[in-house]
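> Mind having a look at this structure? Questions to follow.
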2 protein chains.
Amino acid sequence: MAEGRRRATIYDVAQAAGVSKSLVSLVLRDSPSVSAPRRAAVLAAIKELDYRPSQAATALAGGTSQTVGVVIDDYTNTWFVELLRGLQEGLASAGLRIAVSDRSLNAHIESDPLDGFLSTRVEALVLATEPTSAMRFSSQIPVIIAGNRATEVPGADITSSDDRLGARRAIEHLISLGHTQIGHIAGGGGASMQRIAGYRDAMKAAGLDERIVTVSELTTEDIGYQCTRQLLKRAPETTAILAGNDSMAMGAMGAAQEAGLLVPKDLSIIGYDNSPLSDTHLLQLTTVDSRNHALGLHAAEQVLSRLADPERTAQRVLLEPLLIERSTCAPVRNA
Amino acid sequence: MAEGRRRATIYDVAQAAGVSKSLVSLVLRDSPSVSAPRRAAVLAAIKELDYRPSQAATALAGGTSQTVGVVIDDYTNTWFVELLRGLQEGLASAGLRIAVSDRSLNAHIESDPLDGFLSTRVEALVLATEPTSAMRFSSQIPVIIAGNRATEVPGADITSSDDRLGARRAIEHLISLGHTQIGHIAGGGGASMQRIAGYRDAMKAAGLDERIVTVSELTTEDIGYQCTRQLLKRAPETTAILAGNDSMAMGAMGAAQEAGLLVPKDLSIIGYDNSPLSDTHLLQLTTVDSRNHALGLHAAEQVLSRLADPERTAQRVLLEPLLIERSTCAPVRNA
DNA sequence: CTGAAAGCGCTTACAG
DNA sequence: CTGAAAGCGCTTACAG
């Protein structure tokens with residue numbers, strides 16, 4: 001690793017191109033008031049010197065970081081991937097980039113997961129996780145909540161999918177297949193609460209008995225497995241299950257397999273999220289698509305409009321979820 | 001969103017605490033030459049003003065970003081999660097933070113995925129993905145390759161698991177169970193090449209016929225499914241499969257299910273990575289643990305030692321992988 | 001377009 | 001410990 005010469009600065013570029021430092025800055029910022037030949041000379045010098053503007057200097061001098069901070073729960077649950085993609089697509093045109101921070105990874109080092117972002121002076125904050133008491137929100141920076149959350153953040157915009165409606169539709173689908181013994185396995189958090197409510201709406205409307213099992217705030221595969229074991233023990237007559245998300249649905253399939261139940265012949269299962277997992281050949285899981293890519297695009301719009309008008313009142317966008325039928329639901333046996 | 005007063009600076013803190021600006025800086029940098037009462041006064045002022053040092057100013061003035069850039073392939077394949085955790089643990093003591101960039105997400109916006117990091121002036125680069133020709137490595141910044149890669153980066157340190165040995169052990173395990181008709185489904189990239197080599201080593205040593213199927217550079221569930229279909233069509237006598245990674249193994253299980261083969265009774269399957277997926281109740285996949293957390297710790301050590309001595313020669317760390325026996329392997333039927 | 005100037009919010013010596 | 005000073009690498013007016 002040769003100890004290189006110091007990195008090129010804007011001065012070096014100006015000198016190499018035979019122009020003023022100001023002109024280089026204009027080229028960098030894509031100003032139209034630069035003649036073609038000079039612009040070419042500057043670009044050539046940039047390339048030759050392998051010059052890259054210092055982000056620190058740009059941010060400090062320009063007074064703007066041009067980045068939006070996104071907080072997610074945990075890299076392991078990949079529902080956020082499409083959200084990020086949508087966000088990034090929606091923000092790119094405005095020259096904004098994304099920085100993502102994962103709560104579980106940073107749990108050890110800093111109490112407030114927002115500290116890093118606030119030091120970076122991010123332009124806005126997108127929360128794709130449950131807000132916690134450890135998060136101290138600055139009133140000076142726009143906050144957009146992505147997804148349904150149990151905790152409110154004053155003044156924040158909200159973009160979420162209608163989880164309540166999605167769960168209701170899932171149950172209505174099961175009912176239309178003749179199921180009456182329908183259980184729901186759930187975790188914690190805002191989305192779970194909405195999905196539970198939707199389950200209740202549909203069961204009540206059909207005059208069916210509810211059976212909801214929760215053993216943890218978590219919504220992992222293992223928790224789904226545990227909930228399902230408990231449900232099948234308590235109500236062996238169950239013929240269909242709505243899981244709080246796709247990971248839990250996978251756990252439910254594991255429990256069914258262990259109990260010798262065939263899916264969907266003996267037990268119908270519906271997941272939630274339309275995650276990459278649900279679309280595997282092994283699972284072919286019927287699920288509810290919460291349209292996370294669209295959710296990301298809407299969140300991006302909210303960031304931009306809020307930046308353009310910091311005074312505007314808080315918005316709320318609610319997307320309609322879609323039932324994705326695959327192979328884990330079947331008509332009830334002796335309906 | 002009340003238009004706040006401007007953010008507090010070090011001047012405001014100094015004034016509020018009744019000390020000099022330099023003293024505040026000393027407190028921020030945890031200097032021992034600050035008396036307890038003054039330190040307390042400064043900390044109180046920081047808290048009261050909700051002051052957070054500007055990262056841009058700190059980086060620019062200090063000449064160091066204190067961050068290490070990590071490039072991963074794709075958020076969807078979660079093998080990198082434990083790598084990140086190890087890296088972060090190993091780097092935290094030195095006050096270094098991590099910034100991660102995902103290639104697939106950034107593929108659209110910039111040609112060189114390293115551009116952002118170089119603008120940030122990261123202290124070092126950790127590559128948890130295959131290096132591409134689009135990446136222009138600066139000789140001024142340490143590069144650590146995590147995992148086996150097909151492309152070399154001159155002067156870079158390498159920390160990887162011994163994929164060749166891991167694959168060999170997996171095959172030896174199958175052979176010890178009496179299998180002789182053993183296929184391998186593989187993707188592309190450095191790790192895949194090593195795993196293929198290990199498969200060959202073991203098959204050759206046992207005098208068995210090789211059957212390797214590759215249909216894509218990718219190593220997704222769907223590709224694993226396709227490879228397996230092809231393998232079973234070409235060699236229906238196959239009783240065991242080593243998959244290039246856990247996702248592909250899941251695809252293999254999907255293909256087996258579709259073909260009416262029971263795992264492990266009719267078909268034994270071994271994955272690779274010991275990913276969260278492999279440890280689900282539904283899969284209980286026998287796999288090879290490449291010890292990604294330890295890999296992250298070693299990569300962190302390499303970053304630190306390289307930073308301490310930029311002139312030291314390139315290192316190579318090779319970790320020994322572990323076979324994790326779960327439930328997808330069984331003795332061959334009529335051995 | 002140029003050129004000189006001020007400033008962004010810090011760090012880093014350095015004389016007292 | 002303080003206080004004044006220079007500097008990090010840019011952006012932003014502004015007079016020419």
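In the structure tokens, chains take the letters A, B, ... in the order shown, each chain's residues start at 1, and ligands count up from 1 in the order shown.
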Taking only C-alpha atoms (C1' of nucleotides) into account, what are the residues of chain A at most 7 Å from chain D, put as a list of chain:residue names?
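Therefore, the residues near the partner are A:Thr9, A:Ser54, A:Ala57, A:Thr58, A:Ala61, A:Gly62.
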> Could you please take those selected residues and save C-alpha atoms as a PDB file, in the first residue's frame?

ATOM      1  CA  THR A   9      -8.334  18.978  -3.899  1.00  0.00           C
ATOM      2  CA  SER A  54     -14.728  15.624  -0.002  1.00  0.00           C
ATOM      3  CA  ALA A  57     -16.140  19.743   3.049  1.00  0.00           C
ATOM      4  CA  THR A  58     -19.145  19.817   0.743  1.00  0.00           C
ATOM      5  CA  ALA A  61     -19.592  24.531   3.310  1.00  0.00           C
ATOM      6  CA  GLY A  62     -22.914  23.882   1.657  1.00  0.00           C
TER       7      GLY A  62
END
> Env of segment 153-162 of chain A: 7 Å cut, atoms = only C-alpha atoms (C1' of nucleotides), seq-sep filter 5 positions within chain, self excluded. Answer as an mmCIF file with N, CA and C atoms, in the first residue's frame.

data_model
loop_
_atom_site.group_PDB
_atom_site.id
_atom_site.type_symbol
_atom_site.label_atom_id
_atom_site.label_comp_id
_atom_site.auth_asym_id
_atom_site.auth_seq_id
_atom_site.Cartn_x
_atom_site.Cartn_y
_atom_site.Cartn_z
ATOM 1 N N PRO A 142 -37.413 16.739 9.611
ATOM 2 C CA PRO A 142 -38.620 15.998 9.220
ATOM 3 C C PRO A 142 -38.492 14.513 9.541
ATOM 4 N N VAL A 143 -39.573 13.938 10.067
ATOM 5 C CA VAL A 143 -39.596 12.509 10.351
ATOM 6 C C VAL A 143 -40.733 11.869 9.567
ATOM 7 N N ILE A 144 -40.427 10.800 8.867
ATOM 8 C CA ILE A 144 -41.452 10.057 8.139
ATOM 9 C C ILE A 144 -41.501 8.639 8.710
ATOM 10 N N ILE A 145 -42.681 8.235 9.148
ATOM 11 C CA ILE A 145 -42.849 6.895 9.680
ATOM 12 C C ILE A 145 -43.275 5.981 8.536
ATOM 13 N N ALA A 146 -42.517 4.916 8.312
ATOM 14 C CA ALA A 146 -42.877 3.970 7.261
ATOM 15 C C ALA A 146 -43.436 2.702 7.889
ATOM 16 N N GLY A 147 -44.661 2.405 7.598
ATOM 17 C CA GLY A 147 -45.297 1.229 8.197
ATOM 18 C C GLY A 147 -46.129 1.614 9.398
ATOM 19 N N ASN A 148 -46.940 0.690 9.863
ATOM 20 C CA ASN A 148 -47.767 0.967 11.026
ATOM 21 C C ASN A 148 -46.961 0.807 12.306
ATOM 22 N N SER A 290 -47.811 -6.038 1.111
ATOM 23 C CA SER A 290 -48.030 -4.706 1.680
ATOM 24 C C SER A 290 -47.453 -3.609 0.785
ATOM 25 N N LEU A 295 -44.570 1.903 -1.055
ATOM 26 C CA LEU A 295 -44.472 2.573 0.238
ATOM 27 C C LEU A 295 -43.199 3.432 0.295
ATOM 28 N N HIS A 298 -43.695 6.561 -1.839
ATOM 29 C CA HIS A 298 -44.514 7.560 -1.159
ATOM 30 C C HIS A 298 -43.742 8.241 -0.029
ATOM 31 N N ALA A 299 -42.976 7.465 0.690
ATOM 32 C CA ALA A 299 -42.173 8.054 1.765
ATOM 33 C C ALA A 299 -41.189 9.070 1.183
ATOM 34 N N ALA A 314 -48.865 17.615 8.800
ATOM 35 C CA ALA A 314 -48.472 16.218 8.647
ATOM 36 C C ALA A 314 -49.435 15.473 7.731
ATOM 37 N N GLN A 315 -48.863 14.623 6.894
ATOM 38 C CA GLN A 315 -49.658 13.840 5.952
ATOM 39 C C GLN A 315 -49.766 12.406 6.404
ATOM 40 N N ARG A 316 -50.772 11.756 5.875
ATOM 41 C CA ARG A 316 -50.905 10.334 6.135
ATOM 42 C C ARG A 316 -51.284 9.639 4.831
ATOM 43 N N VAL A 317 -50.448 8.712 4.383
ATOM 44 C CA VAL A 317 -50.736 7.951 3.163
ATOM 45 C C VAL A 317 -51.031 6.512 3.574
ATOM 46 N N LEU A 318 -52.106 5.972 3.021
ATOM 47 C CA LEU A 318 -52.476 4.604 3.369
ATOM 48 C C LEU A 318 -52.622 3.789 2.092
ATOM 49 N N LEU A 319 -51.782 2.792 1.917
ATOM 50 C CA LEU A 319 -51.823 1.988 0.698
ATOM 51 C C LEU A 319 -52.698 0.760 0.873
ATOM 52 N N GLU A 320 -53.340 0.393 -0.207
ATOM 53 C CA GLU A 320 -54.199 -0.782 -0.148
ATOM 54 C C GLU A 320 -53.389 -2.042 -0.414
ATOM 55 N N PRO A 321 -53.436 -2.996 0.493
ATOM 56 C CA PRO A 321 -52.665 -4.225 0.324
ATOM 57 C C PRO A 321 -53.345 -5.182 -0.658
ATOM 58 N N MET B 1 -43.730 21.142 12.220
ATOM 59 C CA MET B 1 -42.275 21.098 12.327
ATOM 60 C C MET B 1 -41.774 22.523 12.528
#
> Counting only C-alpha atoms, which residues of chain A sit at most 8 Å from some atom of chain B, and what is each one's closest atom pair with its distance in Å to one decimal, listed by chain and rising residue number, as JSON lines?

{"residue": "A:Met1", "atom": "CA", "partner": "B:Ser139", "partner_atom": "CA", "distance": 5.8}
{"residue": "A:Ala2", "atom": "CA", "partner": "B:Ser139", "partner_atom": "CA", "distance": 6.4}
{"residue": "A:Glu3", "atom": "CA", "partner": "B:Gln140", "partner_atom": "CA", "distance": 6.2}
{"residue": "A:Gly4", "atom": "CA", "partner": "B:Gln140", "partner_atom": "CA", "distance": 5.3}
{"residue": "A:Arg52", "atom": "CA", "partner": "B:Ser119", "partner_atom": "CA", "distance": 5.6}
{"residue": "A:Pro53", "atom": "CA", "partner": "B:Ser119", "partner_atom": "CA", "distance": 5.8}
{"residue": "A:Ser54", "atom": "CA", "partner": "B:Ser119", "partner_atom": "CA", "distance": 5.0}
{"residue": "A:Gln55", "atom": "CA", "partner": "B:Thr120", "partner_atom": "CA", "distance": 5.2}
{"residue": "A:Ala56", "atom": "CA", "partner": "B:Ala56", "partner_atom": "CA", "distance": 4.2}
{"residue": "A:Ala57", "atom": "CA", "partner": "B:Leu60", "partner_atom": "CA", "distance": 6.1}
{"residue": "A:Ala59", "atom": "CA", "partner": "B:Ala56", "partner_atom": "CA", "distance": 6.2}
{"residue": "A:Leu60", "atom": "CA", "partner": "B:Ala56", "partner_atom": "CA", "distance": 5.6}
{"residue": "A:Tyr75", "atom": "CA", "partner": "B:Val81", "partner_atom": "CA", "distance": 6.7}
{"residue": "A:Thr76", "atom": "CA", "partner": "B:Thr78", "partner_atom": "CA", "distance": 6.1}
{"residue": "A:Thr78", "atom": "CA", "partner": "B:Thr76", "partner_atom": "CA", "distance": 6.1}
{"residue": "A:Val81", "atom": "CA", "partner": "B:Tyr75", "partner_atom": "CA", "distance": 6.6}
{"residue": "A:Arg85", "atom": "CA", "partner": "B:Leu105", "partner_atom": "CA", "distance": 6.4}
{"residue": "A:Ala92", "atom": "CA", "partner": "B:Ile109", "partner_atom": "CA", "distance": 7.7}
{"residue": "A:Val100", "atom": "CA", "partner": "B:Val100", "partner_atom": "CA", "distance": 7.9}
{"residue": "A:Leu105", "atom": "CA", "partner": "B:Arg85", "partner_atom": "CA", "distance": 6.4}
{"residue": "A:Ile109", "atom": "CA", "partner": "B:Ala92", "partner_atom": "CA", "distance": 7.7}
{"residue": "A:Asp115", "atom": "CA", "partner": "B:Arg52", "partner_atom": "CA", "distance": 7.7}
{"residue": "A:Leu118", "atom": "CA", "partner": "B:Arg52", "partner_atom": "CA", "distance": 7.0}
{"residue": "A:Ser119", "atom": "CA", "partner": "B:Ser54", "partner_atom": "CA", "distance": 5.0}
{"residue": "A:Thr120", "atom": "CA", "partner": "B:Gln55", "partner_atom": "CA", "distance": 5.2}
{"residue": "A:Arg121", "atom": "CA", "partner": "B:Ser54", "partner_atom": "CA", "distance": 7.1}
{"residue": "A:Ser139", "atom": "CA", "partner": "B:Met1", "partner_atom": "CA", "distance": 5.9}
{"residue": "A:Gln140", "atom": "CA", "partner": "B:Gly4", "partner_atom": "CA", "distance": 5.3}
{"residue": "A:Ile141", "atom": "CA", "partner": "B:Met1", "partner_atom": "CA", "distance": 7.5}
{"residue": "A:Pro142", "atom": "CA", "partner": "B:Met1", "partner_atom": "CA", "distance": 7.0}
{"residue": "A:Gly155", "atom": "CA", "partner": "B:Met1", "partner_atom": "CA", "distance": 6.1}
{"residue": "A:Glu221", "atom": "CA", "partner": "B:Thr280", "partner_atom": "CA", "distance": 6.6}
{"residue": "A:Asp222", "atom": "CA", "partner": "B:Thr280", "partner_atom": "CA", "distance": 7.0}
{"residue": "A:Tyr225", "atom": "CA", "partner": "B:His281", "partner_atom": "CA", "distance": 7.4}
{"residue": "A:Met250", "atom": "CA", "partner": "B:Leu282", "partner_atom": "CA", "distance": 6.9}
{"residue": "A:Gly251", "atom": "CA", "partner": "B:His281", "partner_atom": "CA", "distance": 6.4}
{"residue": "A:Met253", "atom": "CA", "partner": "B:Leu282", "partner_atom": "CA", "distance": 6.5}
{"residue": "A:Gly254", "atom": "CA", "partner": "B:Leu282", "partner_atom": "CA", "distance": 4.0}
{"residue": "A:Ala255", "atom": "CA", "partner": "B:His281", "partner_atom": "CA", "distance": 7.3}
{"residue": "A:Gln257", "atom": "CA", "partner": "B:Leu282", "partner_atom": "CA", "distance": 7.4}
{"residue": "A:Pro276", "atom": "CA", "partner": "B:Thr76", "partner_atom": "CA", "distance": 7.9}
{"residue": "A:Thr280", "atom": "CA", "partner": "B:Glu221", "partner_atom": "CA", "distance": 6.6}
{"residue": "A:His281", "atom": "CA", "partner": "B:Gly254", "partner_atom": "CA", "distance": 5.0}
{"residue": "A:Leu282", "atom": "CA", "partner": "B:Gly254", "partner_atom": "CA", "distance": 4.0}
{"residue": "A:Leu283", "atom": "CA", "partner": "B:Gly254", "partner_atom": "CA", "distance": 7.8}
{"residue": "A:Pro310", "atom": "CA", "partner": "B:Met1", "partner_atom": "CA", "distance": 6.3}
{"residue": "A:Glu311", "atom": "CA", "partner": "B:Met1", "partner_atom": "CA", "distance": 6.2}
> Tell me, as a PyMOL selection string, which residues lie within 10 Å of segment 264-266 of chain B, counting only C-alpha atoms (C1' of nucleotides); anything in the same chain fewer than 5 positions away does not count.
chain B and resi 238-240+253+256+327-333
> May I have all residues of segment 111-228 of chain A that DSSP, computed from the backbone, assigns to strand (DSSP E), given as an MDAnalysis selection string?
chainID A and resid 124:128 143:146 157:161 182:185 212:213
> For N, CA and C atoms, I'd like the residues from the last selection saved as an mmCIF file, in the first residue's frame.

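Written output follows (out.cif):
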data_model
loop_
_atom_site.group_PDB
_atom_site.id
_atom_site.type_symbol
_atom_site.label_atom_id
_atom_site.label_comp_id
_atom_site.auth_asym_id
_atom_site.auth_seq_id
_atom_site.Cartn_x
_atom_site.Cartn_y
_atom_site.Cartn_z
ATOM 1 N N ALA A 124 -33.526 14.432 6.570
ATOM 2 C CA ALA A 124 -34.785 13.869 7.064
ATOM 3 C C ALA A 124 -34.529 12.473 7.599
ATOM 4 N N LEU A 125 -35.497 11.979 8.343
ATOM 5 C CA LEU A 125 -35.379 10.675 8.978
ATOM 6 C C LEU A 125 -36.561 9.820 8.545
ATOM 7 N N VAL A 126 -36.289 8.618 8.058
ATOM 8 C CA VAL A 126 -37.369 7.689 7.741
ATOM 9 C C VAL A 126 -37.277 6.521 8.725
ATOM 10 N N LEU A 127 -38.357 6.287 9.432
ATOM 11 C CA LEU A 127 -38.363 5.233 10.441
ATOM 12 C C LEU A 127 -39.100 4.003 9.943
ATOM 13 N N ALA A 128 -38.338 2.947 9.659
ATOM 14 C CA ALA A 128 -38.955 1.691 9.253
ATOM 15 C C ALA A 128 -38.836 0.709 10.407
ATOM 16 N N VAL A 143 -39.573 13.938 10.067
ATOM 17 C CA VAL A 143 -39.596 12.509 10.351
ATOM 18 C C VAL A 143 -40.733 11.869 9.567
ATOM 19 N N ILE A 144 -40.427 10.800 8.867
ATOM 20 C CA ILE A 144 -41.452 10.057 8.139
ATOM 21 C C ILE A 144 -41.501 8.639 8.710
ATOM 22 N N ILE A 145 -42.681 8.235 9.148
ATOM 23 C CA ILE A 145 -42.849 6.895 9.680
ATOM 24 C C ILE A 145 -43.275 5.981 8.536
ATOM 25 N N ALA A 146 -42.517 4.916 8.312
ATOM 26 C CA ALA A 146 -42.877 3.970 7.261
ATOM 27 C C ALA A 146 -43.436 2.702 7.889
ATOM 28 N N ASP A 157 -44.878 12.615 9.399
ATOM 29 C CA ASP A 157 -45.715 12.069 8.332
ATOM 30 C C ASP A 157 -45.762 10.560 8.497
ATOM 31 N N ILE A 158 -46.804 9.963 7.962
ATOM 32 C CA ILE A 158 -46.920 8.509 8.034
ATOM 33 C C ILE A 158 -47.262 7.939 6.668
ATOM 34 N N THR A 159 -46.515 6.949 6.245
ATOM 35 C CA THR A 159 -46.852 6.206 5.038
ATOM 36 C C THR A 159 -46.947 4.750 5.442
ATOM 37 N N SER A 160 -48.102 4.180 5.320
ATOM 38 C CA SER A 160 -48.211 2.785 5.704
ATOM 39 C C SER A 160 -49.180 2.057 4.789
ATOM 40 N N SER A 161 -49.110 0.766 4.900
ATOM 41 C CA SER A 161 -50.050 -0.073 4.192
ATOM 42 C C SER A 161 -51.225 -0.278 5.146
ATOM 43 N N ILE A 182 -60.500 -20.698 12.422
ATOM 44 C CA ILE A 182 -59.348 -19.950 11.913
ATOM 45 C C ILE A 182 -58.589 -19.281 13.047
ATOM 46 N N GLY A 183 -57.320 -19.589 13.174
ATOM 47 C CA GLY A 183 -56.507 -18.988 14.217
ATOM 48 C C GLY A 183 -55.594 -17.897 13.672
ATOM 49 N N HIS A 184 -55.104 -17.074 14.591
ATOM 50 C CA HIS A 184 -54.164 -16.023 14.193
ATOM 51 C C HIS A 184 -52.980 -16.062 15.148
ATOM 52 N N ILE A 185 -51.768 -16.127 14.592
ATOM 53 C CA ILE A 185 -50.571 -16.072 15.435
ATOM 54 C C ILE A 185 -49.916 -14.722 15.197
ATOM 55 N N ILE A 212 -56.495 -16.171 19.100
ATOM 56 C CA ILE A 212 -55.258 -15.450 18.808
ATOM 57 C C ILE A 212 -54.175 -15.920 19.761
ATOM 58 N N VAL A 213 -53.021 -16.283 19.223
ATOM 59 C CA VAL A 213 -51.916 -16.710 20.078
ATOM 60 C C VAL A 213 -50.719 -15.785 19.877
#
